[in-house]
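Participant: Got a structure for you, written out below as structure tokens; questions coming shortly.
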Amino acid sequence: MFDHDDDDNDDGDDLDMAPNFEKMRGMGFICWREIPATNGEDQEDKQLSKKKTKLKNTKDKRKLDEIEPDEQEIVTPVKKAKKKKPKKKTRSNQTRATSTLQTADENKNEEVDTTANADSFDIDKKVWSDLHVSDDIIRSLLEQNFSEPTPIQRLTLPIAIRDHQDIIGAAETGSGKTLAFAIPILTHMSTLLENNEMSYGQFTSLILTPTRELAVQIKSHIQIACRYTKFKTAVIVGGMSTQKQERLLAQKPEIIVATPGRFWELLQENNEHTMDMSKLRFLAIDETDRMIEKGHFEELEKILKLINSDDSNQSRQKFIFSATLMLQSSDDKQKKKTKKKNDNQDKLATLISAVGMNAKPKIIDLTKKFGTVETLTEARVNCPLEEKDIYLYYFLSLYPGRTLLFTNSIDCIKRLQSILTLLKRNPLPLHAQMEQKQRLNNLERFSSSENGLLIATDVAARGLDIPNIKHIIHYQVPRSTELYIHRSGRTARADRQGLSIMFICPEEVFLYRKIIKTLNRDEDLQAFPIDITYLANLKQRVRLASDISRLHHQVAKVTHEASWYHKAAKELDIELDDNIEDIEKARSANTKEVQKKEMQLRNELDLLLKQPLKYTSSLNVSRSYPLLFGDPDQLASRRKNDTTALDELKHRS
Ligand SMILES: Nc1ncnc2c1ncn2[C@@H]1O[C@H](COP(=O)(O)OP(=O)(O)OP(=O)(O)O)[C@@H](O)[C@H]1O
């Protein structure tokens with residue numbers, strides 16, 4: 001059966017994944033998510049706008065706008081209470097939050113002298129205990145320096161814990177949605193244990209997510225929160241060996257984080273641990289809008305049907321979360337008013353129906369009118385298609401810092417990788433055709449390099465939680481507004497600043513306009529200032545790199561074809577036709593010419609790259625030193641106190 005986890009292509013054992021992930025956490029960042037290789041992931045978004053999900057279950061066939069207002073009870077943010085400064089700092093509060101995922105796992109069994117911090121714990125815990133979080137969970141949270149809840153957590157926790165309500169949650173990227181559903185689940189589980197309503201080893205909670213890396217990341221978030229409990233969490237995802245899966249399930253984890261394809265397979269195998277759904281008390285679906293797209297929904301629907309067919313557990317609590325669940329343009333709102341069908345509302349209603357939410361799900365919608373996070377600065381660069389690479393090189397050269405570049409296709413990544421490597425910008429690719437190990441490797445290198453450059457397809461658009469990504473570059477305009485939001489959301493996370501910059505060629509203007517409209521923007525994104533004089537200085541380098549790349553590709557193609565002919569002839573034990581031999585000889589001579597030319601251009605480029613480029617700004621920003629192209633780290637250190645891309649924009653506006 002076709003496994004729809006986003007990593008179907010990877011036949012490696014999942015055992016490989018966890019150590020890599022652990023190692024990455026050791027690099028000093030909290031955690032990350034990656035949307036890995038998927039069959040047609042790049043294509044899927046094409047269908048997004050066309051998509052109209054149909055309601056199947058007539059009994060629950062209610063669209064969101066048909067649900068009575070008191071049933072929906074949309075919770076809107078209340079004005080944030082003035083932050084209370086704790087009188088004393090706990091030991092944990094003095095450590096940086098960014099290193100805590102590491103300790104959450106590695107020190108799980110470490111003895112902690114809780115009495116020593118008893119007083120400060122009682123003071124610090126109040127902000128969480130007011131939201132009904134249990135002490136064992138609070139202790140872990142405070143140790144991670146999570147001294148207060150994020151807004152989505154603040155609103156979700158009491159409703160989910162005290163009122164035991166089903167929750168539909170939407171909040172911007174990087175706003176802590178994972179813990180918003182994980183904390184209530186863990187708190188309830190602690191209470192159930194205390195009341196002897198569950199025992200260890202019972203499959204109690206299921207969390208479904210579109211990709212294996214997301215699953216691993218969610219597990220890490222859960223481990224953050226449950227360090228002082230004995231709950232076990234297992235990740236069950238595509239690509240995992242049967243033995244590994246069996247081993248994990250034999251430990252009888254109370255919590256399973258899974259991708260729908262693999263979990264459905266597991267259900268069909270009648271695994272002893274997961275077979276009995278009557279004890280399943282909590283169900284969460286993350287990245288919900290992705291989960292209801294083609295490639296996931298089929299399995300998800302079957303799983304939900306099976307879970308709901310066992311109605312012995314009426315008190316099962318459900319959570320559905322995403323950053324773009326409620327995305328609605330002014331046009332959509334107009335449609336709603338005129339009672340026309342609305343895709344997004346249909347999607348949500350389909351899910352509410354399939355999940356079998358209770359009669360009054362609480363909708364907590366913290367998504368902003370403008371779609372993206374407030375700490376995100378958004379800009380655009382308009383340029384001709386054939387000059388995009390020059391503008392890109394301009395930006396990368398002048399503004400160092402960890403940068404994640406998105407393209408719409410793998411071919412584009414391959415081309416950019418070749419050109420940017422020639423220009424000594426050391427790009428790291430990430431796309432669905434790469435092996436899982438290599439992808440994880442590149443992510444690790446990217447995360448540990450201050451000036452790392454990751455060039456990725458939309459496989460990396462959702463969930464990646466790498467700190468300090470400074471710039472997001474949309475080298476090509478994303479195919480949907482959701483993707484624009486998710487891509488941009490890889491920076492400016494957890495209240496940090498970040499810049500998203502969209503490169504728009506004339507052919508893409510219509511797509512850009514659509515996004516701006518859906519984002520409810522009255523004005524264009526601000527134009528990123530470009531110094532045309534300086535740009536002109538870079539043209540020759542980029543053109544040379546581009547020519548070399550093209551010639552190299554040409555030679556590689558011919559060589560590949562020739563070797564294919566010879567290999568086929570050898571295998572079939574036949575002699576090559578004289579005609580083919582002649583063609584081959586002519587090709588070979590031509591190839592030598594091309595290779596000679598390529599070598600010439602390489603030498604020319606090398607010479608050019610060794611020459612310092614004098615930057616005399618016409619942008620009114622001082623850059624009086626020569627830029628040393630070819631060594632990004634040296635460039636970065638020289639620019640340390642110089643203008644950042646964000647400064648540049650602020651200076652202009
Ligand atoms: N209460 C908190 N205090 C401080 N940091 C927190 C808190 N809750 C979560 N975080 C951190 O914030 C970061 C973002 O959280 P998370 O990945 O859950 O965001 P998200 O809303 O799911 O984002 P996305 O929509 O992009 O997937 C994580 O690094 C997480 O550890």
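In the structure tokens, chains take letters A, B, ... by order of appearance, with residues numbered from 1 within each chain and ligands from 1 in the order shown.
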Need the shell around region 492-496 of chain A: protein/DNA/RNA residues with any atom at most 6 Å away, counting only C-alpha atoms. Skip same-chain ones fewer than 3 positions apart. Format as JSON, numbers by chain?
Facilitator: {"A": [174, 175, 375, 376]}
Participant: Next, dump the selected residues to file, keeping only N, CA and C atoms, as a tab-separated table (two decimals), in the first residue's frame.
Facilitator:
chain	number	residue	atom	x	y	z
A	174	GLY	N	5.44	30.04	14.67
A	174	GLY	CA	6.40	30.23	15.77
A	174	GLY	C	5.79	30.73	17.06
A	175	SER	N	4.49	30.51	17.25
A	175	SER	CA	3.82	31.08	18.42
A	175	SER	C	3.61	30.06	19.53
A	375	THR	N	6.58	40.77	14.07
A	375	THR	CA	8.03	41.01	14.10
A	375	THR	C	8.70	40.73	12.75
A	376	LEU	N	7.89	40.36	11.79
A	376	LEU	CA	8.44	40.09	10.45
A	376	LEU	C	8.39	41.35	9.60
Participant: With the cut-off set at 7 Å and counting only C-alpha atoms and all ligand atoms, tabulate each residue of chain A with an atom at most that distance from an atom of ligand 1, showing the nearest atom pair and its distance in Å to one decimal, ordered by chain and increasing number, as CSV.
Facilitator:
residue,atom,partner,partner_atom_place_in_ligand_line,distance
A:Ile30,CA,ligand 1,29 (O),5.3
A:Cys31,CA,ligand 1,29 (O),6.0
A:Ala97,CA,ligand 1,5 (N),7.0
A:Asn145,CA,ligand 1,4 (C),6.8
A:Phe146,CA,ligand 1,3 (N),3.9
A:Ser147,CA,ligand 1,3 (N),6.2
A:Glu148,CA,ligand 1,1 (N),5.2
A:Pro149,CA,ligand 1,1 (N),3.9
A:Thr150,CA,ligand 1,1 (N),4.8
A:Ala171,CA,ligand 1,21 (O),6.4
A:Glu172,CA,ligand 1,25 (O),6.0
A:Thr173,CA,ligand 1,25 (O),3.5
A:Gly174,CA,ligand 1,23 (O),3.4
A:Ser175,CA,ligand 1,21 (O),3.8
A:Gly176,CA,ligand 1,18 (O),3.4
A:Lys177,CA,ligand 1,21 (O),4.0
A:Thr178,CA,ligand 1,18 (O),3.9
A:Leu179,CA,ligand 1,18 (O),5.9
A:His221,CA,ligand 1,31 (O),6.6
A:Ser322,CA,ligand 1,25 (O),6.2
A:Ala323,CA,ligand 1,25 (O),4.8
A:Arg462,CA,ligand 1,26 (O),5.9
A:Gly463,CA,ligand 1,27 (O),3.8
A:Leu464,CA,ligand 1,26 (O),6.6
A:Asp465,CA,ligand 1,17 (O),5.8
A:His486,CA,ligand 1,26 (O),6.4
A:Gly489,CA,ligand 1,26 (O),5.7
A:Arg490,CA,ligand 1,26 (O),6.4
A:Arg493,CA,ligand 1,14 (C),6.3
A:Ala494,CA,ligand 1,12 (O),5.1
Participant: Using only C-alpha atoms, can you tell me which of A:Gln438, A:Thr229, A:Gln433, A:Thr377 comes closest to Asp647 (chain A)?
Facilitator: A:Thr377
Participant: Compile the contact shell of Asp286 (chain A) as a list of chain:residue names: residues with an atom at most 9 Å away, counting only C-alpha atoms, same-chain residues fewer than 5 positions apart removed.
Facilitator: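 The contact residues come out as A:Lys177, A:Thr178, A:Ile207, A:Leu208, A:Thr209, A:Pro210, A:Leu214, A:Met291, A:Phe319, A:Ile320, A:Phe321, A:Ser322.
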Participant: Restrict the selected residues to N, CA, C and O atoms and save them as a compact mmCIF listing (two decimals), in the first residue's frame.
Facilitator:
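selection_7.txt was written with the following content:
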# COMPACT_ATOMS: atom_id res chain seq x y z
N LYS A 177 2.31 26.75 19.27
CA LYS A 177 1.06 25.98 19.17
C LYS A 177 1.24 24.55 19.67
O LYS A 177 0.32 23.96 20.23
N THR A 178 2.44 24.00 19.46
CA THR A 178 2.64 22.60 19.85
C THR A 178 2.36 22.40 21.34
O THR A 178 1.62 21.49 21.72
N ILE A 207 -1.25 11.89 18.41
CA ILE A 207 -1.02 13.17 17.72
C ILE A 207 -0.63 12.87 16.29
O ILE A 207 0.32 12.12 16.04
N LEU A 208 -1.39 13.41 15.36
CA LEU A 208 -1.12 13.16 13.94
C LEU A 208 -0.56 14.40 13.28
O LEU A 208 -1.02 15.52 13.53
N THR A 209 0.43 14.19 12.44
CA THR A 209 1.13 15.31 11.80
C THR A 209 1.60 14.88 10.42
O THR A 209 1.77 13.69 10.18
N PRO A 210 1.78 15.80 9.47
CA PRO A 210 2.04 15.35 8.10
C PRO A 210 3.40 14.71 7.84
O PRO A 210 3.53 13.94 6.90
N LEU A 214 8.34 16.46 11.61
CA LEU A 214 7.41 17.16 12.50
C LEU A 214 7.06 16.27 13.68
O LEU A 214 6.97 16.73 14.82
N MET A 291 -2.85 18.67 6.41
CA MET A 291 -3.35 17.30 6.60
C MET A 291 -4.63 17.03 5.82
O MET A 291 -4.96 15.88 5.54
N PHE A 319 -8.07 18.16 19.44
CA PHE A 319 -7.42 19.44 19.15
C PHE A 319 -7.08 19.48 17.67
O PHE A 319 -6.50 18.52 17.16
N ILE A 320 -7.44 20.57 17.01
CA ILE A 320 -6.89 20.74 15.65
C ILE A 320 -6.24 22.12 15.54
O ILE A 320 -6.82 23.13 15.91
N PHE A 321 -5.01 22.13 15.06
CA PHE A 321 -4.20 23.35 15.06
C PHE A 321 -3.53 23.62 13.71
O PHE A 321 -3.19 22.69 12.99
N SER A 322 -3.36 24.88 13.41
CA SER A 322 -2.53 25.28 12.26
C SER A 322 -2.30 26.79 12.30
O SER A 322 -2.95 27.51 13.04
Participant: If you run DSSP on the backbone, which residues of region 244-404 of chain A are helix (DSSP H, G or I), as a ChimeraX atom specification?
Facilitator: /A:244-250,260-268,272-275,277-279,288-291,297-309,330-337,343-355,385-398
Participant: Write out as a ChimeraX atom specification all residues of region 111-278 of chain A that DSSP puts in strand (DSSP E) for this structure's backbone.
Facilitator: /A:167-170,205-208,233-236,255-258
Participant: How many Å separate CA of Arg139 (chain A) from CA of Thr156 (chain A)?
Facilitator: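 For CA of Arg139 (chain A) relative to CA of Thr156 (chain A), the distance reads 19.3 Å.
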Participant: What gap, in Å, lies between CA of Met189 (chain A) and CA of Thr350 (chain A)?
Facilitator: 28.4 Å
Participant: Which residues, written as a ChimeraX atom specification, have at least one atom at most 6 Å from region 516-527 of chain A, with only C-alpha atoms counted and residues fewer than 5 positions away on the same chain left out?
Facilitator: /A:329,370-371,379-381
